[in-house]
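File shown: input09.tsv (TSV, N, CA and C atoms).
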```
chain	number	residue	atom	x	y	z
T	381	MET	N	19.72	99.45	-25.54
T	381	MET	CA	21.04	99.07	-25.05
T	381	MET	C	21.94	98.76	-26.25
T	382	ASP	N	23.15	99.23	-26.20
T	382	ASP	CA	24.11	99.03	-27.26
T	382	ASP	C	24.47	97.54	-27.39
T	383	ARG	N	24.12	96.95	-28.53
T	383	ARG	CA	24.34	95.51	-28.72
T	383	ARG	C	25.83	95.16	-28.74
T	384	THR	N	26.68	96.07	-29.22
T	384	THR	CA	28.13	95.77	-29.23
T	384	THR	C	28.65	95.67	-27.80
T	385	LEU	N	28.05	96.43	-26.89
T	385	LEU	CA	28.48	96.36	-25.49
T	385	LEU	C	28.03	95.04	-24.87
T	386	THR	N	26.79	94.65	-25.10
T	386	THR	CA	26.27	93.43	-24.47
T	386	THR	C	26.92	92.18	-25.04
T	387	MET	N	27.47	92.25	-26.22
T	387	MET	CA	28.07	91.08	-26.85
T	387	MET	C	29.60	91.11	-26.80
T	388	SER	N	30.17	92.01	-26.05
T	388	SER	CA	31.63	92.12	-26.02
T	388	SER	C	32.25	90.96	-25.25
T	389	PRO	N	33.50	90.63	-25.58
T	389	PRO	CA	34.21	89.59	-24.82
T	389	PRO	C	34.32	89.92	-23.33
T	390	ALA	N	34.46	91.20	-23.00
T	390	ALA	CA	34.58	91.58	-21.59
T	390	ALA	C	33.29	91.30	-20.83
T	391	VAL	N	32.14	91.56	-21.45
T	391	VAL	CA	30.86	91.28	-20.80
T	391	VAL	C	30.69	89.77	-20.63
T	392	THR	N	31.03	89.02	-21.66
T	392	THR	CA	30.95	87.56	-21.56
T	392	THR	C	31.85	87.04	-20.45
T	393	TYR	N	33.07	87.56	-20.40
T	393	TYR	CA	34.03	87.18	-19.35
T	393	TYR	C	33.46	87.49	-17.97
T	394	ALA	N	32.95	88.71	-17.80
T	394	ALA	CA	32.40	89.11	-16.50
T	394	ALA	C	31.22	88.22	-16.10
T	395	ARG	N	30.38	87.90	-17.07
T	395	ARG	CA	29.23	87.04	-16.76
T	395	ARG	C	29.66	85.63	-16.38
T	396	VAL	N	30.51	85.04	-17.19
T	396	VAL	CA	30.92	83.65	-16.95
T	396	VAL	C	31.69	83.55	-15.64
T	397	PHE	N	32.75	84.35	-15.48
T	397	PHE	CA	33.55	84.24	-14.27
T	397	PHE	C	32.84	84.81	-13.06
T	398	GLY	N	31.95	85.77	-13.27
T	398	GLY	CA	31.15	86.27	-12.16
T	398	GLY	C	30.27	85.17	-11.58
T	399	VAL	N	29.55	84.47	-12.44
T	399	VAL	CA	28.68	83.39	-11.97
T	399	VAL	C	29.50	82.24	-11.38
T	400	VAL	N	30.54	81.81	-12.09
T	400	VAL	CA	31.34	80.67	-11.62
T	400	VAL	C	32.02	80.98	-10.28
T	401	LEU	N	32.65	82.14	-10.16
T	401	LEU	CA	33.34	82.47	-8.92
T	401	LEU	C	32.36	82.66	-7.76
T	402	THR	N	31.19	83.21	-8.04
T	402	THR	CA	30.16	83.34	-7.00
T	402	THR	C	29.73	81.97	-6.50
T	403	LEU	N	29.47	81.06	-7.43
T	403	LEU	CA	29.06	79.71	-7.04
T	403	LEU	C	30.17	78.98	-6.29
T	404	VAL	N	31.41	79.13	-6.74
T	404	VAL	CA	32.54	78.50	-6.06
T	404	VAL	C	32.68	79.08	-4.65
T	405	GLY	N	32.49	80.38	-4.51
T	405	GLY	CA	32.57	81.01	-3.20
T	405	GLY	C	31.50	80.47	-2.25
T	406	ILE	N	30.28	80.35	-2.75
T	406	ILE	CA	29.19	79.82	-1.93
T	406	ILE	C	29.44	78.36	-1.59
T	407	LEU	N	29.80	77.57	-2.58
T	407	LEU	CA	30.07	76.15	-2.36
T	407	LEU	C	31.22	75.95	-1.38
T	408	GLY	N	32.20	76.82	-1.44
T	408	GLY	CA	33.34	76.74	-0.54
T	408	GLY	C	32.94	76.83	0.92
T	409	PHE	N	31.90	77.61	1.22
T	409	PHE	CA	31.43	77.72	2.60
T	409	PHE	C	30.83	76.42	3.11
T	410	PHE	N	30.36	75.57	2.20
T	410	PHE	CA	29.87	74.26	2.61
T	410	PHE	C	31.02	73.29	2.87
T	411	ILE	N	32.19	73.60	2.30
T	411	ILE	CA	33.37	72.76	2.47
T	411	ILE	C	34.10	73.12	3.76
T	412	THR	N	34.33	74.42	3.97
T	412	THR	CA	35.00	74.88	5.19
T	412	THR	C	34.64	76.32	5.48
T	413	THR	N	34.49	76.61	6.75
T	413	THR	CA	34.33	77.99	7.21
T	413	THR	C	35.46	78.34	8.18
T	414	GLU	N	36.50	77.54	8.14
T	414	GLU	CA	37.65	77.74	9.02
T	414	GLU	C	38.76	78.49	8.29
T	415	GLN	N	39.40	79.41	8.99
T	415	GLN	CA	40.52	80.14	8.40
T	415	GLN	C	41.78	79.29	8.36
T	416	ASP	N	42.02	78.55	9.41
T	416	ASP	CA	43.27	77.80	9.53
T	416	ASP	C	43.18	76.36	9.02
T	417	VAL	N	42.05	76.01	8.40
T	417	VAL	CA	41.86	74.66	7.87
T	417	VAL	C	41.68	74.77	6.36
T	418	VAL	N	42.54	74.12	5.61
T	418	VAL	CA	42.45	74.12	4.15
T	418	VAL	C	41.81	72.81	3.71
T	419	GLU	N	40.75	72.91	2.94
T	419	GLU	CA	40.05	71.74	2.42
T	419	GLU	C	40.08	71.78	0.91
T	420	SER	N	39.78	70.65	0.29
T	420	SER	CA	39.80	70.56	-1.17
T	420	SER	C	38.39	70.72	-1.73
T	421	LEU	N	38.27	71.56	-2.73
T	421	LEU	CA	37.03	71.74	-3.48
T	421	LEU	C	37.34	71.43	-4.94
T	422	LEU	N	36.95	70.26	-5.37
T	422	LEU	CA	37.21	69.81	-6.75
T	422	LEU	C	38.71	69.85	-7.08
T	423	GLY	N	39.55	69.55	-6.09
T	423	GLY	CA	40.99	69.51	-6.31
T	423	GLY	C	41.70	70.83	-6.06
T	424	PHE	N	40.94	71.86	-5.70
T	424	PHE	CA	41.52	73.17	-5.42
T	424	PHE	C	41.41	73.45	-3.93
T	425	ASP	N	42.46	74.03	-3.36
T	425	ASP	CA	42.47	74.31	-1.93
T	425	ASP	C	41.65	75.55	-1.62
T	426	VAL	N	40.81	75.46	-0.56
T	426	VAL	CA	40.03	76.62	-0.11
T	426	VAL	C	40.06	76.70	1.40
T	427	ASN	N	39.88	77.92	1.89
T	427	ASN	CA	39.68	78.19	3.31
T	427	ASN	C	38.73	79.39	3.39
T	428	LEU	N	38.50	79.91	4.59
T	428	LEU	CA	37.53	80.98	4.76
T	428	LEU	C	37.85	82.20	3.90
T	429	THR	N	39.09	82.68	3.94
T	429	THR	CA	39.46	83.85	3.14
T	429	THR	C	39.32	83.58	1.65
T	430	HIS	N	39.76	82.42	1.22
T	430	HIS	CA	39.66	82.03	-0.19
T	430	HIS	C	38.19	82.07	-0.63
T	431	ASN	N	37.29	81.57	0.22
T	431	ASN	CA	35.86	81.59	-0.10
T	431	ASN	C	35.34	83.01	-0.26
T	432	PHE	N	35.74	83.89	0.65
T	432	PHE	CA	35.31	85.29	0.56
T	432	PHE	C	35.87	85.98	-0.68
T	433	VAL	N	37.11	85.68	-1.04
T	433	VAL	CA	37.71	86.26	-2.25
T	433	VAL	C	36.94	85.80	-3.49
T	434	HIS	N	36.65	84.50	-3.55
T	434	HIS	CA	35.87	84.00	-4.70
T	434	HIS	C	34.50	84.66	-4.75
T	435	LEU	N	33.84	84.74	-3.62
T	435	LEU	CA	32.50	85.32	-3.57
T	435	LEU	C	32.53	86.80	-3.97
T	436	ALA	N	33.47	87.55	-3.44
T	436	ALA	CA	33.56	88.99	-3.75
T	436	ALA	C	33.89	89.23	-5.22
T	437	THR	N	34.89	88.53	-5.74
T	437	THR	CA	35.25	88.74	-7.15
T	437	THR	C	34.14	88.24	-8.07
T	438	GLY	N	33.45	87.20	-7.65
T	438	GLY	CA	32.33	86.70	-8.43
T	438	GLY	C	31.18	87.68	-8.46
T	439	LEU	N	30.80	88.22	-7.31
T	439	LEU	CA	29.69	89.18	-7.27
T	439	LEU	C	30.02	90.44	-8.06
T	440	LEU	N	31.26	90.89	-8.01
T	440	LEU	CA	31.66	92.04	-8.83
T	440	LEU	C	31.48	91.72	-10.32
T	441	GLY	N	31.83	90.51	-10.72
T	441	GLY	CA	31.64	90.10	-12.10
T	441	GLY	C	30.18	90.03	-12.49
T	442	VAL	N	29.34	89.53	-11.61
T	442	VAL	CA	27.89	89.46	-11.88
T	442	VAL	C	27.34	90.88	-12.08
T	443	VAL	N	27.73	91.80	-11.21
T	443	VAL	CA	27.27	93.18	-11.33
T	443	VAL	C	27.77	93.79	-12.64
T	444	ALA	N	29.06	93.62	-12.93
T	444	ALA	CA	29.64	94.19	-14.16
T	444	ALA	C	29.08	93.53	-15.41
T	445	GLY	N	28.79	92.25	-15.35
T	445	GLY	CA	28.35	91.52	-16.54
T	445	GLY	C	26.87	91.58	-16.83
T	446	PHE	N	26.07	91.87	-15.80
T	446	PHE	CA	24.62	91.86	-16.00
T	446	PHE	C	23.96	93.20	-15.72
T	447	ALA	N	24.50	94.01	-14.81
T	447	ALA	CA	23.82	95.24	-14.43
T	447	ALA	C	24.55	96.51	-14.87
T	448	MET	N	25.85	96.53	-14.75
T	448	MET	CA	26.63	97.73	-15.08
T	448	MET	C	27.65	97.38	-16.17
T	449	LEU	N	27.15	97.16	-17.37
T	449	LEU	CA	27.96	96.64	-18.46
T	449	LEU	C	29.17	97.50	-18.80
T	450	ALA	N	29.07	98.78	-18.56
T	450	ALA	CA	30.20	99.67	-18.86
T	450	ALA	C	31.42	99.34	-18.03
T	451	TYR	N	31.25	98.61	-16.92
T	451	TYR	CA	32.37	98.24	-16.06
T	451	TYR	C	32.93	96.85	-16.35
T	452	ALA	N	32.36	96.14	-17.31
T	452	ALA	CA	32.82	94.78	-17.62
T	452	ALA	C	34.27	94.79	-18.10
T	453	ARG	N	34.62	95.76	-18.89
T	453	ARG	CA	35.99	95.84	-19.40
T	453	ARG	C	36.99	96.11	-18.26
T	454	THR	N	36.62	96.97	-17.34
T	454	THR	CA	37.46	97.25	-16.17
T	454	THR	C	37.59	96.00	-15.32
T	455	TYR	N	36.48	95.29	-15.11
T	455	TYR	CA	36.51	94.04	-14.35
T	455	TYR	C	37.48	93.06	-15.00
T	456	ALA	N	37.40	92.93	-16.32
T	456	ALA	CA	38.25	91.98	-17.04
T	456	ALA	C	39.73	92.31	-16.88
T	457	ILE	N	40.09	93.58	-16.99
T	457	ILE	CA	41.52	93.91	-16.90
T	457	ILE	C	42.03	93.83	-15.46
T	458	VAL	N	41.22	94.26	-14.50
T	458	VAL	CA	41.67	94.20	-13.10
T	458	VAL	C	41.81	92.74	-12.67
T	459	LEU	N	40.77	91.94	-12.91
T	459	LEU	CA	40.86	90.52	-12.56
T	459	LEU	C	41.97	89.85	-13.36
T	460	GLY	N	42.11	90.24	-14.63
T	460	GLY	CA	43.14	89.66	-15.47
T	460	GLY	C	44.54	89.90	-14.95
T	461	VAL	N	44.83	91.13	-14.60
T	461	VAL	CA	46.17	91.47	-14.11
T	461	VAL	C	46.43	90.82	-12.75
T	462	VAL	N	45.46	90.91	-11.84
T	462	VAL	CA	45.65	90.36	-10.50
T	462	VAL	C	45.81	88.85	-10.55
T	463	TYR	N	44.92	88.16	-11.28
T	463	TYR	CA	45.00	86.70	-11.33
T	463	TYR	C	46.23	86.22	-12.11
T	464	THR	N	46.64	86.95	-13.15
T	464	THR	CA	47.86	86.57	-13.87
T	464	THR	C	49.07	86.70	-12.94
T	465	ALA	N	49.16	87.80	-12.23
T	465	ALA	CA	50.28	87.99	-11.29
T	465	ALA	C	50.26	86.92	-10.21
T	466	LEU	N	49.08	86.64	-9.67
T	466	LEU	CA	48.94	85.61	-8.64
T	466	LEU	C	49.34	84.24	-9.18
T	467	GLY	N	48.92	83.94	-10.40
T	467	GLY	CA	49.26	82.66	-11.01
T	467	GLY	C	50.76	82.50	-11.25
T	468	ILE	N	51.39	83.54	-11.78
T	468	ILE	CA	52.83	83.50	-12.02
T	468	ILE	C	53.58	83.40	-10.69
T	469	TRP	N	53.19	84.20	-9.72
T	469	TRP	CA	53.81	84.18	-8.40
T	469	TRP	C	53.70	82.78	-7.80
T	470	GLY	N	52.53	82.19	-7.89
T	470	GLY	CA	52.32	80.85	-7.36
T	470	GLY	C	53.14	79.79	-8.07
T	471	LEU	N	53.27	79.90	-9.38
T	471	LEU	CA	54.08	78.93	-10.14
T	471	LEU	C	55.55	79.04	-9.77
T	472	VAL	N	56.01	80.26	-9.53
T	472	VAL	CA	57.40	80.46	-9.14
T	472	VAL	C	57.66	79.87	-7.75
T	473	VAL	N	56.76	80.13	-6.83
T	473	VAL	CA	56.93	79.64	-5.45
T	473	VAL	C	56.68	78.15	-5.36
T	474	GLY	N	55.68	77.65	-6.08
T	474	GLY	CA	55.38	76.22	-6.09
T	474	GLY	C	54.24	75.84	-5.17
T	475	ASP	N	54.08	74.56	-4.97
T	475	ASP	CA	53.00	74.03	-4.14
T	475	ASP	C	53.11	74.56	-2.72
T	476	GLY	N	51.99	74.84	-2.10
T	476	GLY	CA	52.00	75.37	-0.75
T	476	GLY	C	52.10	76.88	-0.69
T	477	PHE	N	51.96	77.54	-1.81
T	477	PHE	CA	52.00	79.00	-1.93
T	477	PHE	C	50.91	79.61	-1.05
T	478	ASP	N	51.26	80.58	-0.22
T	478	ASP	CA	50.29	81.25	0.65
T	478	ASP	C	50.54	82.75	0.64
T	479	PRO	N	50.05	83.43	-0.41
T	479	PRO	CA	50.31	84.87	-0.49
T	479	PRO	C	49.64	85.60	0.67
T	480	PHE	N	50.36	86.47	1.28
T	480	PHE	CA	49.88	87.32	2.35
T	480	PHE	C	49.49	86.55	3.62
T	481	GLY	N	49.74	85.24	3.66
T	481	GLY	CA	49.44	84.43	4.83
T	481	GLY	C	47.95	84.30	5.12
T	482	LEU	N	47.11	84.45	4.11
T	482	LEU	CA	45.67	84.44	4.31
T	482	LEU	C	44.93	83.33	3.57
T	483	LEU	N	45.47	82.86	2.48
T	483	LEU	CA	44.70	81.97	1.62
T	483	LEU	C	44.92	80.50	1.89
T	484	GLY	N	45.72	80.17	2.88
T	484	GLY	CA	46.04	78.77	3.09
T	484	GLY	C	46.99	78.31	2.02
T	485	ASN	N	47.24	77.05	1.94
T	485	ASN	CA	48.15	76.54	0.92
T	485	ASN	C	47.46	76.50	-0.43
T	486	VAL	N	47.88	77.37	-1.31
T	486	VAL	CA	47.36	77.37	-2.67
T	486	VAL	C	48.15	76.32	-3.44
T	487	ASN	N	47.48	75.36	-4.04
T	487	ASN	CA	48.18	74.28	-4.71
T	487	ASN	C	48.46	74.60	-6.18
T	488	MET	N	49.15	73.72	-6.86
T	488	MET	CA	49.53	73.97	-8.25
T	488	MET	C	48.31	74.06	-9.17
T	489	ALA	N	47.27	73.29	-8.87
T	489	ALA	CA	46.05	73.40	-9.68
T	489	ALA	C	45.49	74.82	-9.58
T	490	ASP	N	45.48	75.39	-8.37
T	490	ASP	CA	45.04	76.79	-8.18
T	490	ASP	C	45.90	77.74	-9.00
T	491	ASN	N	47.22	77.53	-8.97
T	491	ASN	CA	48.13	78.42	-9.67
T	491	ASN	C	47.85	78.44	-11.18
T	492	PHE	N	47.66	77.27	-11.76
T	492	PHE	CA	47.37	77.21	-13.20
T	492	PHE	C	46.00	77.80	-13.51
T	493	LEU	N	45.02	77.56	-12.64
T	493	LEU	CA	43.69	78.13	-12.84
T	493	LEU	C	43.74	79.65	-12.73
T	494	HIS	N	44.45	80.17	-11.74
T	494	HIS	CA	44.59	81.61	-11.60
T	494	HIS	C	45.22	82.22	-12.85
T	495	LEU	N	46.25	81.57	-13.35
T	495	LEU	CA	46.92	82.06	-14.56
T	495	LEU	C	45.96	82.06	-15.75
T	496	ALA	N	45.19	81.01	-15.92
T	496	ALA	CA	44.23	80.93	-17.03
T	496	ALA	C	43.15	82.00	-16.91
T	497	ILE	N	42.59	82.18	-15.71
T	497	ILE	CA	41.58	83.22	-15.50
T	497	ILE	C	42.17	84.59	-15.81
T	498	GLY	N	43.40	84.81	-15.40
T	498	GLY	CA	44.06	86.09	-15.64
T	498	GLY	C	44.31	86.37	-17.11
T	499	VAL	N	44.87	85.40	-17.80
T	499	VAL	CA	45.17	85.58	-19.23
T	499	VAL	C	43.88	85.79	-20.02
T	500	LEU	N	42.83	85.05	-19.69
T	500	LEU	CA	41.54	85.23	-20.36
T	500	LEU	C	40.96	86.62	-20.08
T	501	GLY	N	41.15	87.13	-18.87
T	501	GLY	CA	40.68	88.47	-18.54
T	501	GLY	C	41.40	89.54	-19.35
T	502	ILE	N	42.70	89.42	-19.45
T	502	ILE	CA	43.47	90.38	-20.26
T	502	ILE	C	43.05	90.28	-21.71
T	503	GLY	N	42.86	89.06	-22.20
T	503	GLY	CA	42.41	88.88	-23.57
T	503	GLY	C	41.04	89.48	-23.81
T	504	ALA	N	40.12	89.31	-22.87
T	504	ALA	CA	38.77	89.88	-23.01
T	504	ALA	C	38.83	91.40	-23.02
T	505	TYR	N	39.69	91.96	-22.21
T	505	TYR	CA	39.87	93.41	-22.18
T	505	TYR	C	40.38	93.92	-23.53
T	506	VAL	N	41.42	93.28	-24.03
T	506	VAL	CA	42.02	93.70	-25.30
T	506	VAL	C	41.04	93.55	-26.47
T	507	ALA	N	40.25	92.48	-26.44
T	507	ALA	CA	39.33	92.18	-27.54
T	507	ALA	C	38.06	93.02	-27.51
T	508	SER	N	37.83	93.78	-26.45
T	508	SER	CA	36.61	94.58	-26.32
T	508	SER	C	36.90	96.04	-26.60
T	509	LYS	N	35.98	96.67	-27.32
T	509	LYS	CA	36.13	98.09	-27.62
T	509	LYS	C	35.89	98.92	-26.38
T	510	GLU	N	36.65	100.00	-26.28
T	510	GLU	CA	36.38	100.96	-25.20
T	510	GLU	C	35.14	101.74	-25.60
T	511	GLN	N	34.19	101.87	-24.71
T	511	GLN	CA	32.95	102.56	-25.00
T	511	GLN	C	33.19	104.06	-25.11
T	512	GLY	N	32.51	104.68	-26.06
T	512	GLY	CA	32.61	106.12	-26.24
T	512	GLY	C	33.71	106.53	-27.19
T	513	THR	N	34.41	105.59	-27.81
T	513	THR	CA	35.50	105.94	-28.72
T	513	THR	C	35.19	105.52	-30.15
T	514	GLU	N	33.97	105.02	-30.39
T	514	GLU	CA	33.64	104.56	-31.75
T	514	GLU	C	33.52	105.74	-32.70
T	515	VAL	N	33.93	105.54	-33.93
T	515	VAL	CA	33.81	106.55	-34.97
T	515	VAL	C	32.49	106.33	-35.70
T	516	ILE	N	31.68	107.38	-35.79
T	516	ILE	CA	30.37	107.25	-36.45
T	516	ILE	C	30.47	107.61	-37.90
```
Translate this file's structure into structure tokens.
Amino acid sequence: MDRTLTMSPAVTYARVFGVVLTLVGILGFFITTEQDVVESLLGFDVNLTHNFVHLATGLLGVVAGFAMLAYARTYAIVLGVVYTALGIWGLVVGDGFDPFGLLGNVNMADNFLHLAIGVLGIGAYVASKEQGTEVI
């Protein structure tokens, strides 16, 4: 296995956020399984859809970071762009942000966290080499 691939920032990002988001998604189901009820998980608002989003994005990161390393860079940029846009959108709208009417009230802590996850994803993408373009 190519050591530069396994040690890339994108793989590290996929592994860290994959595991964390998966755990947050699972833990969220212990907090609430209701769609119309928003509960707090460590100061962040969650509901049923939010839990599924965390679980899905987390599992994709686990797969990209541990099993299909060639996709870690794609995971980093997609999650980076989506979470950055979501974070900026939430900061503009403010507390009680509910994109698409599915996530419940996303609070300001969520907005800043989304922005941080997004910016780190874009950074991991930029800092990682594209595979197959190395000069020998």
Check: Hey, can you check how far CA of Ile468 in chain T sits from atom C of Val418 in chain T?
Finding: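 It comes out at 22.0 Å.
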Item checked: Distance query 6.5 Å from (28.5, 89.8, -21.3) using all atoms listed in the file, result as an NGL selection string -> :T and (385-395 or 445-446)
Store the residues of this selection in a file with N, CA and C atoms, as a short mmCIF file (atom, residue, chain, number, x, y, z; two decimals), in the frame of the given file.
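result.cif, freshly written:
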```cif
data_model
loop_
_atom_site.label_atom_id
_atom_site.label_comp_id
_atom_site.auth_asym_id
_atom_site.auth_seq_id
_atom_site.Cartn_x
_atom_site.Cartn_y
_atom_site.Cartn_z
N LEU T 385 28.05 96.43 -26.89
CA LEU T 385 28.48 96.36 -25.49
C LEU T 385 28.03 95.04 -24.87
N THR T 386 26.79 94.65 -25.10
CA THR T 386 26.27 93.43 -24.47
C THR T 386 26.92 92.18 -25.04
N MET T 387 27.47 92.25 -26.22
CA MET T 387 28.07 91.08 -26.85
C MET T 387 29.60 91.11 -26.80
N SER T 388 30.17 92.01 -26.05
CA SER T 388 31.63 92.12 -26.02
C SER T 388 32.25 90.96 -25.25
N PRO T 389 33.50 90.63 -25.58
CA PRO T 389 34.21 89.59 -24.82
C PRO T 389 34.32 89.92 -23.33
N ALA T 390 34.46 91.20 -23.00
CA ALA T 390 34.58 91.58 -21.59
C ALA T 390 33.29 91.30 -20.83
N VAL T 391 32.14 91.56 -21.45
CA VAL T 391 30.86 91.28 -20.80
C VAL T 391 30.69 89.77 -20.63
N THR T 392 31.03 89.02 -21.66
CA THR T 392 30.95 87.56 -21.56
C THR T 392 31.85 87.04 -20.45
N TYR T 393 33.07 87.56 -20.40
CA TYR T 393 34.03 87.18 -19.35
C TYR T 393 33.46 87.49 -17.97
N ALA T 394 32.95 88.71 -17.80
CA ALA T 394 32.40 89.11 -16.50
C ALA T 394 31.22 88.22 -16.10
N ARG T 395 30.38 87.90 -17.07
CA ARG T 395 29.23 87.04 -16.76
C ARG T 395 29.66 85.63 -16.38
N GLY T 445 28.79 92.25 -15.35
CA GLY T 445 28.35 91.52 -16.54
C GLY T 445 26.87 91.58 -16.83
N PHE T 446 26.07 91.87 -15.80
CA PHE T 446 24.62 91.86 -16.00
C PHE T 446 23.96 93.20 -15.72
#
```
Next item on the list: Name the residues of chain T that come out as strand (DSSP E or B) in a backbone DSSP run; write them as a list in words.
Entry: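 Answer for chain T, restricted to strand (DSSP E or B): Glu419, Ser420, Leu421, Phe424, Asp425, Val426, Phe477 and Val486 of chain T.
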Checklist line | For Leu493 in chain T, the nearest of the candidates T:Asp478, T:Glu414, T:Asp425, T:Glu419, counting only C-alpha atoms | finding: T:Asp425
Checklist line | Selection near Phe409 in chain T, 8 Å with all atoms listed in the file, sequence-local residues under 3 positions removed, as number ranges by chain | finding: T: 403-406, 412-414, 427-428, 430-432
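Across the structure, atom C of Thr464 in chain T and atom C of Phe410 in chain T are spaced 27.5 Å apart.
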Notebook entry, point to check: Which polymer residues have any atom within 12 Å of an atom of range 485-487 of chain T, counting only C-alpha atoms, with same-chain residues fewer than 4 positions away left out, as a ChimeraX atom specification?
Noted result: /T:415-421,423-427,429-430,466-467,469-481,491-494
Next item on the list: Using DSSP on the backbone coordinates, identify the residues of range 437-494 of chain T assigned to helix (DSSP H, G or I); present them as number ranges by chain.
Entry: T: 437-447, 449-473, 479-481, 488-494
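Separating atom C of Leu439 in chain T from atom N of Ala489 in chain T is a distance of 24.3 Å.
If you count only N, CA and C atoms and ignore residues fewer than 4 places along the chain from Arg453 in chain T, what sits within 7 Å of it is Ala390, Val391, Ala444, Leu449, Ile457, Val458, Ala504 and Tyr505 of chain T.
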Checklist line | Nearest to Gly460 in chain T by atom-to-atom distance, counting all atoms listed in the file, from T:Gly408, T:Gly398, T:Gly498, T:Gly503 | finding: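 For Gly460 in chain T, the nearest of the given residues is T:Gly498.
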Check: Which one is closest to Thr454 in chain T: T:Val400, T:Ala436, T:Leu422, T:Ile502? Count only C-alpha atoms.
Finding: T:Ile502
Next item on the list: Using all atoms listed in the file, give me every residue within 6.5 Å of (31.7, 87.9, -8.6) in file coordinates, as a ChimeraX atom specification.
Entry: /T:397-399,401-402,434-443
